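Peer 1: Got a structure for you, questions after.
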Protein chains: 2
Amino acid sequence: MNGVEIKNISKSFKETKALNDVSISFEQDKIYGLLGRNGAGKSTLLNIITNRLNADRGEVLIDGVSAWENSDAQRKIYMMSEKVLYPENMNGEAALKWSREFYPDFDMDYARKLANDFGLDLKKKVRSLSTGYVSIYKIIIALSVNTPYVFFDEPVLGLDANHRELFYKRLIEKYSENPFTVVLSTHLIEEIASIIEEIIIIQNGEIIQNDSCEHLLSQGYTVSGSASEVDKFIEGMEVIGIDTLGGLKSATVMGKIEASSVPDGIEIGKLDLQKLFIKLTNEQE
Amino acid sequence: MNGVEIKNISKSFKETKALNDVSISFEQDKIYGLLGRNGAGKSTLLNIITNRLNADRGEVLIDGVSAWENSDAQRKIYMMSEKVLYPENMNGEAALKWSREFYPDFDMDYARKLANDFGLDLKKKVRSLSTGYVSIYKIIIALSVNTPYVFFDEPVLGLDANHRELFYKRLIEKYSENPFTVVLSTHLIEEIASIIEEIIIIQNGEIIQNDSCEHLLSQGYTVSGSASEVDKFIEGMEVIGIDTLGGLKSATVMGKIEASSVPDGIEIGKLDLQKLFIKLTNEQE
């Protein structure tokens, strides 16, 4: 079977159970959001997939073959991770060429074009780059390697809004031209809500949601209008969040709403994925 | 006059003009968004205000008195900046006490309460903290120093969505109980849009916007509906952004819209600050 399958993976560090019997699949040519709070176990999982860490139990299959110490299987995956794994004293151009050695389908022309788009000076040493440009550097490699499976761990850390928008745009363009499996792990959840098809939420080392984005977002609504009208309308509903602005109010509610029951002055909108995530993963309040 | 006044500040590094004749004021007890792309000059400006850098020309006044090498004036300001300026081998508790030495109104009890809220273990050494928890550590100090002017430079870098929400909530609570001047410099623009009163946008070392948030956002709208109806409605308008989702379209347009001209099926919403920012600061496309 094609895809990346994670089967019954467990991993502990001293007394801390980082992952507890995690089983998920990343299918071919789909776009996933892998979401979780800081410390939930996302990075541990990603490190196990790429052999940077050994699981206590379970296995990872890439296109049906064990990924453990299997360089042919590993070559099908690219992981853009928080740590910079290439020689930092290289300049950008040299480090791109270095990446090409590992990934035979690396597209050097496209990488140079992206560097130009993002305003990255390839003559600069990688170690001299700011937080935002280190992220841009890693994004460029991840978009140029042309492996069937690409994992992005915090891709937009330190990027300004313009560069975040450019990243999402280039990612979608590339996917549209030549689909591949994309796994986005990020804290900027609302920004990727319209990009991802499938959502996996990890909490305390366990998978608590594994669903299509569409289905997950169909489970609730936002209700907006004047504060008094919104208060009246949402009485008795399961409210998971409230925003107020002057006399206006916007409530996030779970459950179904009959269109015919909506009075004038009340507006029903789409559920906010980030708010839903916060609700699902908040442990205390 | 009370407030922080920046008067005709210029600063160059080698051939690069980082700031060019910048004049702005931060008034008492207001909340500002200081926005700009990476490299626009924000950090240079913040470093000049806090004497970490000397301007080539111009001056900074704090409550009417020059801020340069004036420790009484500097004690009225707290700058949460990207660099960690306290001894990194201290544990959290010791580093909080160290901050109290500099800021006599530092509220130790409140700081400990915040640490508990955010799940920060104060026994851990500051240097062992993850990117997100370093930000949390700095947020706690900034919210506890009780100076009249507090500057936040990238406060939420690496924070998960839950902790970002908690930060905005605590900031608003604190401001509501005891107003002070808040300057938020961040790339997560949409998340602070409902918090800030005044917006200053810096681009290539110059101030390109200095306006109330309300006035700036009254200059445009979002137009949503089915793609074909939106296309028809926005014909001839100044469109600064388009989002599509399935058959639906959401366009960001500048200018006024007559309520009576809006057909059924078209929904008019608030301008998105982040989209407006991108439009105002994009130099090429």
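Letters for chains follow the order of the structure tokens (A, B, ...), residue numbers begin at 1 for each chain, and ligand numbers begin at 1 in the order shown.
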Would you give me, as JSON, numbers by chain, the residues of chain A that come within 10 Å of chain B, using only C-alpha atoms?
Peer 2: {"A": [35, 36, 37, 38, 39, 117, 130, 131, 132, 133, 154, 156, 157, 158, 159, 160, 161, 162, 163, 164, 165, 166, 186, 187, 188, 189, 190, 194, 195, 243, 244, 245, 246, 267, 274, 275, 277, 278, 279, 281, 282, 284, 285]}
Peer 1: Please measure the separation of atom CA of Ser135 of chain B and atom CA of Val150 of chain B, giving the value in Å to one decimal.
Peer 2: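 Between atom CA of Ser135 of chain B and atom CA of Val150 of chain B the gap works out to 15.2 Å.
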Peer 1: May I ask for the distance between atom CA of Gly41 of chain B and atom CA of Lys17 of chain B, given in Å to one decimal place?
Peer 2: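 Answer for the atom CA of Gly41 of chain B to atom CA of Lys17 of chain B separation: 9.2 Å.
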Peer 1: Looking at A:Glu197, A:Met254, A:Lys169, A:Pro87, which one is nearest to Asn210 of chain A, with distances taken over only C-alpha atoms?
Peer 2: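 Once distances to Asn210 of chain A are computed over only C-alpha atoms, the minimum belongs to A:Glu197.
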Peer 1: Considering only C-alpha atoms, state which residue in the set A:Glu177, A:Glu15, A:Tyr78, A:Asp211 is at the smallest distance from Leu46 of chain A.
Peer 2: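 Closest to Leu46 of chain A of all the choices is A:Tyr78.
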Peer 1: Pick out each residue of segment 225-278 of chain B that DSSP on the backbone tags as alpha helix (DSSP H); I need them as an MDAnalysis selection string.
Peer 2: chainID B and resid 227:233 273:278
Peer 1: For Ile77 of chain A, please output as number ranges by chain all residues within 6 Å (counting only C-alpha atoms; exclusion window: fewer than 2 positions along the same chain).
Peer 2: A: 74-75, 147, 149-150
Peer 1: Mind checking which residues fall within 6 Å of segment 22-32 of chain A, counting only C-alpha atoms, ignoring those fewer than 5 positions away in the same chain, and posting them as an MDAnalysis selection string?
Peer 2: chainID A and resid 3:9 179:183 196:199
Peer 1: Which neighbours of Gly92 of chain B fall inside 7 Å, counting only C-alpha atoms, when residues of the same chain fewer than 4 positions from it are skipped, and could you give them as a PDB file with C-alpha atoms, in the first residue's frame?
Peer 2:
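See result37.pdb below for the written result:
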ATOM      1  CA  LEU B  96      12.295  36.638  38.130  1.00  0.00           C
ATOM      2  CA  LEU B 122      10.106  27.964  37.431  1.00  0.00           C
ATOM      3  CA  LYS B 123      12.630  25.403  38.683  1.00  0.00           C
ATOM      4  CA  LYS B 124      13.868  24.848  35.125  1.00  0.00           C
ATOM      5  CA  LYS B 125      16.871  26.778  33.870  1.00  0.00           C
ATOM      6  CA  VAL B 126      15.907  29.458  31.372  1.00  0.00           C
TER       7      VAL B 126
END
Peer 1: Just the residues within 12 Å of Glu101 of chain B, please, counting only C-alpha atoms, with nothing from its chain fewer than 6 positions along; format it as a list in words.
Peer 2: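 After dropping sequence-adjacent residues, the list is Arg75, Tyr86, Ala94, Ala95, Asp107, Met108 and Val145 of chain B.
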Peer 1: Do you know which residues are at most 12 Å from Pro263 of chain B counting only C-alpha atoms, after dropping those on the same chain fewer than 5 positions away, and could you put them as a list in words?
Peer 2: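 Those residues are Val223, Ser224, Gly225, Ser226, Glu229, Val230, Lys232, Phe233, Ile234, Ile257, Glu258 and Ile268 of chain B.
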Peer 1: Segment 19-191 of chain B: which residues are strand (DSSP E) by DSSP, as a ChimeraX atom specification?
Peer 2: /B:19-26,31-36,57-62,65-66,77-80,149-153,181-185
Peer 1: Deliver the residues from the most recent selection as a file, using N, CA and C atoms, as an mmCIF file, in the first residue's frame.
Peer 2:
data_model
loop_
_atom_site.group_PDB
_atom_site.id
_atom_site.type_symbol
_atom_site.label_atom_id
_atom_site.label_comp_id
_atom_site.auth_asym_id
_atom_site.auth_seq_id
_atom_site.Cartn_x
_atom_site.Cartn_y
_atom_site.Cartn_z
ATOM 1 N N LEU B 19 16.569 53.565 9.388
ATOM 2 C CA LEU B 19 15.467 54.451 9.782
ATOM 3 C C LEU B 19 15.718 55.819 9.166
ATOM 4 N N ASN B 20 14.675 56.399 8.605
ATOM 5 C CA ASN B 20 14.824 57.670 7.907
ATOM 6 C C ASN B 20 13.834 58.687 8.454
ATOM 7 N N ASP B 21 14.297 59.541 9.376
ATOM 8 C CA ASP B 21 13.510 60.657 9.881
ATOM 9 C C ASP B 21 12.150 60.193 10.447
ATOM 10 N N VAL B 22 12.221 59.273 11.385
ATOM 11 C CA VAL B 22 11.010 58.698 11.964
ATOM 12 C C VAL B 22 10.532 59.527 13.161
ATOM 13 N N SER B 23 9.275 59.975 13.099
ATOM 14 C CA SER B 23 8.661 60.701 14.215
ATOM 15 C C SER B 23 7.303 60.071 14.541
ATOM 16 N N ILE B 24 7.175 59.549 15.751
ATOM 17 C CA ILE B 24 5.890 59.010 16.205
ATOM 18 C C ILE B 24 5.780 59.205 17.711
ATOM 19 N N SER B 25 4.556 59.135 18.218
ATOM 20 C CA SER B 25 4.352 59.228 19.668
ATOM 21 C C SER B 25 3.551 58.035 20.160
ATOM 22 N N PHE B 26 3.924 57.547 21.340
ATOM 23 C CA PHE B 26 3.116 56.551 22.033
ATOM 24 C C PHE B 26 2.525 57.251 23.249
ATOM 25 N N ILE B 31 -3.143 51.371 23.463
ATOM 26 C CA ILE B 31 -2.593 50.118 22.950
ATOM 27 C C ILE B 31 -2.288 50.274 21.462
ATOM 28 N N TYR B 32 -1.001 50.107 21.134
ATOM 29 C CA TYR B 32 -0.528 50.305 19.759
ATOM 30 C C TYR B 32 -0.125 48.983 19.113
ATOM 31 N N GLY B 33 -0.360 48.888 17.824
ATOM 32 C CA GLY B 33 0.265 47.849 17.014
ATOM 33 C C GLY B 33 1.361 48.505 16.202
ATOM 34 N N LEU B 34 2.603 48.049 16.398
ATOM 35 C CA LEU B 34 3.730 48.552 15.605
ATOM 36 C C LEU B 34 4.076 47.450 14.606
ATOM 37 N N LEU B 35 3.635 47.662 13.367
ATOM 38 C CA LEU B 35 3.698 46.582 12.379
ATOM 39 C C LEU B 35 4.709 46.886 11.289
ATOM 40 N N GLY B 36 5.334 45.844 10.800
ATOM 41 C CA GLY B 36 6.259 46.013 9.690
ATOM 42 C C GLY B 36 6.786 44.660 9.264
ATOM 43 N N ARG B 57 20.716 60.552 14.229
ATOM 44 C CA ARG B 57 20.089 61.857 14.420
ATOM 45 C C ARG B 57 18.760 61.682 15.139
ATOM 46 N N GLY B 58 18.250 62.755 15.721
ATOM 47 C CA GLY B 58 16.938 62.735 16.366
ATOM 48 C C GLY B 58 17.033 62.388 17.839
ATOM 49 N N GLU B 59 15.874 62.415 18.519
ATOM 50 C CA GLU B 59 15.896 62.097 19.946
ATOM 51 C C GLU B 59 14.622 61.373 20.372
ATOM 52 N N VAL B 60 14.715 60.705 21.520
ATOM 53 C CA VAL B 60 13.585 60.022 22.127
ATOM 54 C C VAL B 60 13.311 60.684 23.472
ATOM 55 N N LEU B 61 12.063 61.103 23.686
ATOM 56 C CA LEU B 61 11.681 61.700 24.966
ATOM 57 C C LEU B 61 10.728 60.750 25.702
ATOM 58 N N ILE B 62 10.987 60.545 26.982
ATOM 59 C CA ILE B 62 10.070 59.765 27.811
ATOM 60 C C ILE B 62 9.495 60.720 28.848
ATOM 61 N N VAL B 65 11.312 63.980 28.812
ATOM 62 C CA VAL B 65 12.735 64.039 29.169
ATOM 63 C C VAL B 65 13.527 63.120 28.236
ATOM 64 N N SER B 66 14.733 63.538 27.827
ATOM 65 C CA SER B 66 15.529 62.716 26.921
ATOM 66 C C SER B 66 15.807 61.343 27.521
ATOM 67 N N ILE B 77 10.246 52.204 31.165
ATOM 68 C CA ILE B 77 9.986 51.385 29.978
ATOM 69 C C ILE B 77 10.397 49.953 30.239
ATOM 70 N N TYR B 78 9.582 48.994 29.764
ATOM 71 C CA TYR B 78 10.077 47.632 29.698
ATOM 72 C C TYR B 78 9.973 47.153 28.255
ATOM 73 N N MET B 79 11.050 46.552 27.785
ATOM 74 C CA MET B 79 11.089 46.052 26.419
ATOM 75 C C MET B 79 11.239 44.546 26.441
ATOM 76 N N MET B 80 10.208 43.845 25.996
ATOM 77 C CA MET B 80 10.328 42.407 25.797
ATOM 78 C C MET B 80 10.864 42.203 24.395
ATOM 79 N N TYR B 149 5.203 52.061 30.407
ATOM 80 C CA TYR B 149 5.318 51.770 28.964
ATOM 81 C C TYR B 149 5.901 50.377 28.785
ATOM 82 N N VAL B 150 5.161 49.505 28.107
ATOM 83 C CA VAL B 150 5.664 48.152 27.882
ATOM 84 C C VAL B 150 5.629 47.840 26.390
ATOM 85 N N PHE B 151 6.784 47.470 25.855
ATOM 86 C CA PHE B 151 6.924 47.123 24.436
ATOM 87 C C PHE B 151 7.087 45.610 24.313
ATOM 88 N N PHE B 152 6.302 45.015 23.420
ATOM 89 C CA PHE B 152 6.378 43.571 23.186
ATOM 90 C C PHE B 152 6.872 43.337 21.759
ATOM 91 N N ASP B 153 8.082 42.806 21.616
ATOM 92 C CA ASP B 153 8.619 42.537 20.282
ATOM 93 C C ASP B 153 8.492 41.036 20.006
ATOM 94 N N THR B 181 0.654 51.942 28.759
ATOM 95 C CA THR B 181 0.892 52.003 27.318
ATOM 96 C C THR B 181 1.452 50.676 26.842
ATOM 97 N N VAL B 182 0.780 50.075 25.870
ATOM 98 C CA VAL B 182 1.185 48.775 25.336
ATOM 99 C C VAL B 182 1.560 48.961 23.867
ATOM 100 N N VAL B 183 2.750 48.510 23.493
ATOM 101 C CA VAL B 183 3.140 48.524 22.082
ATOM 102 C C VAL B 183 3.400 47.079 21.669
ATOM 103 N N LEU B 184 2.564 46.584 20.761
ATOM 104 C CA LEU B 184 2.684 45.203 20.292
ATOM 105 C C LEU B 184 3.295 45.189 18.900
ATOM 106 N N SER B 185 4.461 44.552 18.779
ATOM 107 C CA SER B 185 5.085 44.387 17.475
ATOM 108 C C SER B 185 5.040 42.901 17.156
#
Peer 1: What is the distance between atom CA of Glu173 of chain B and atom CA of Glu93 of chain B, in Å to one decimal?
Peer 2: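 A separation of 23.7 Å between them.
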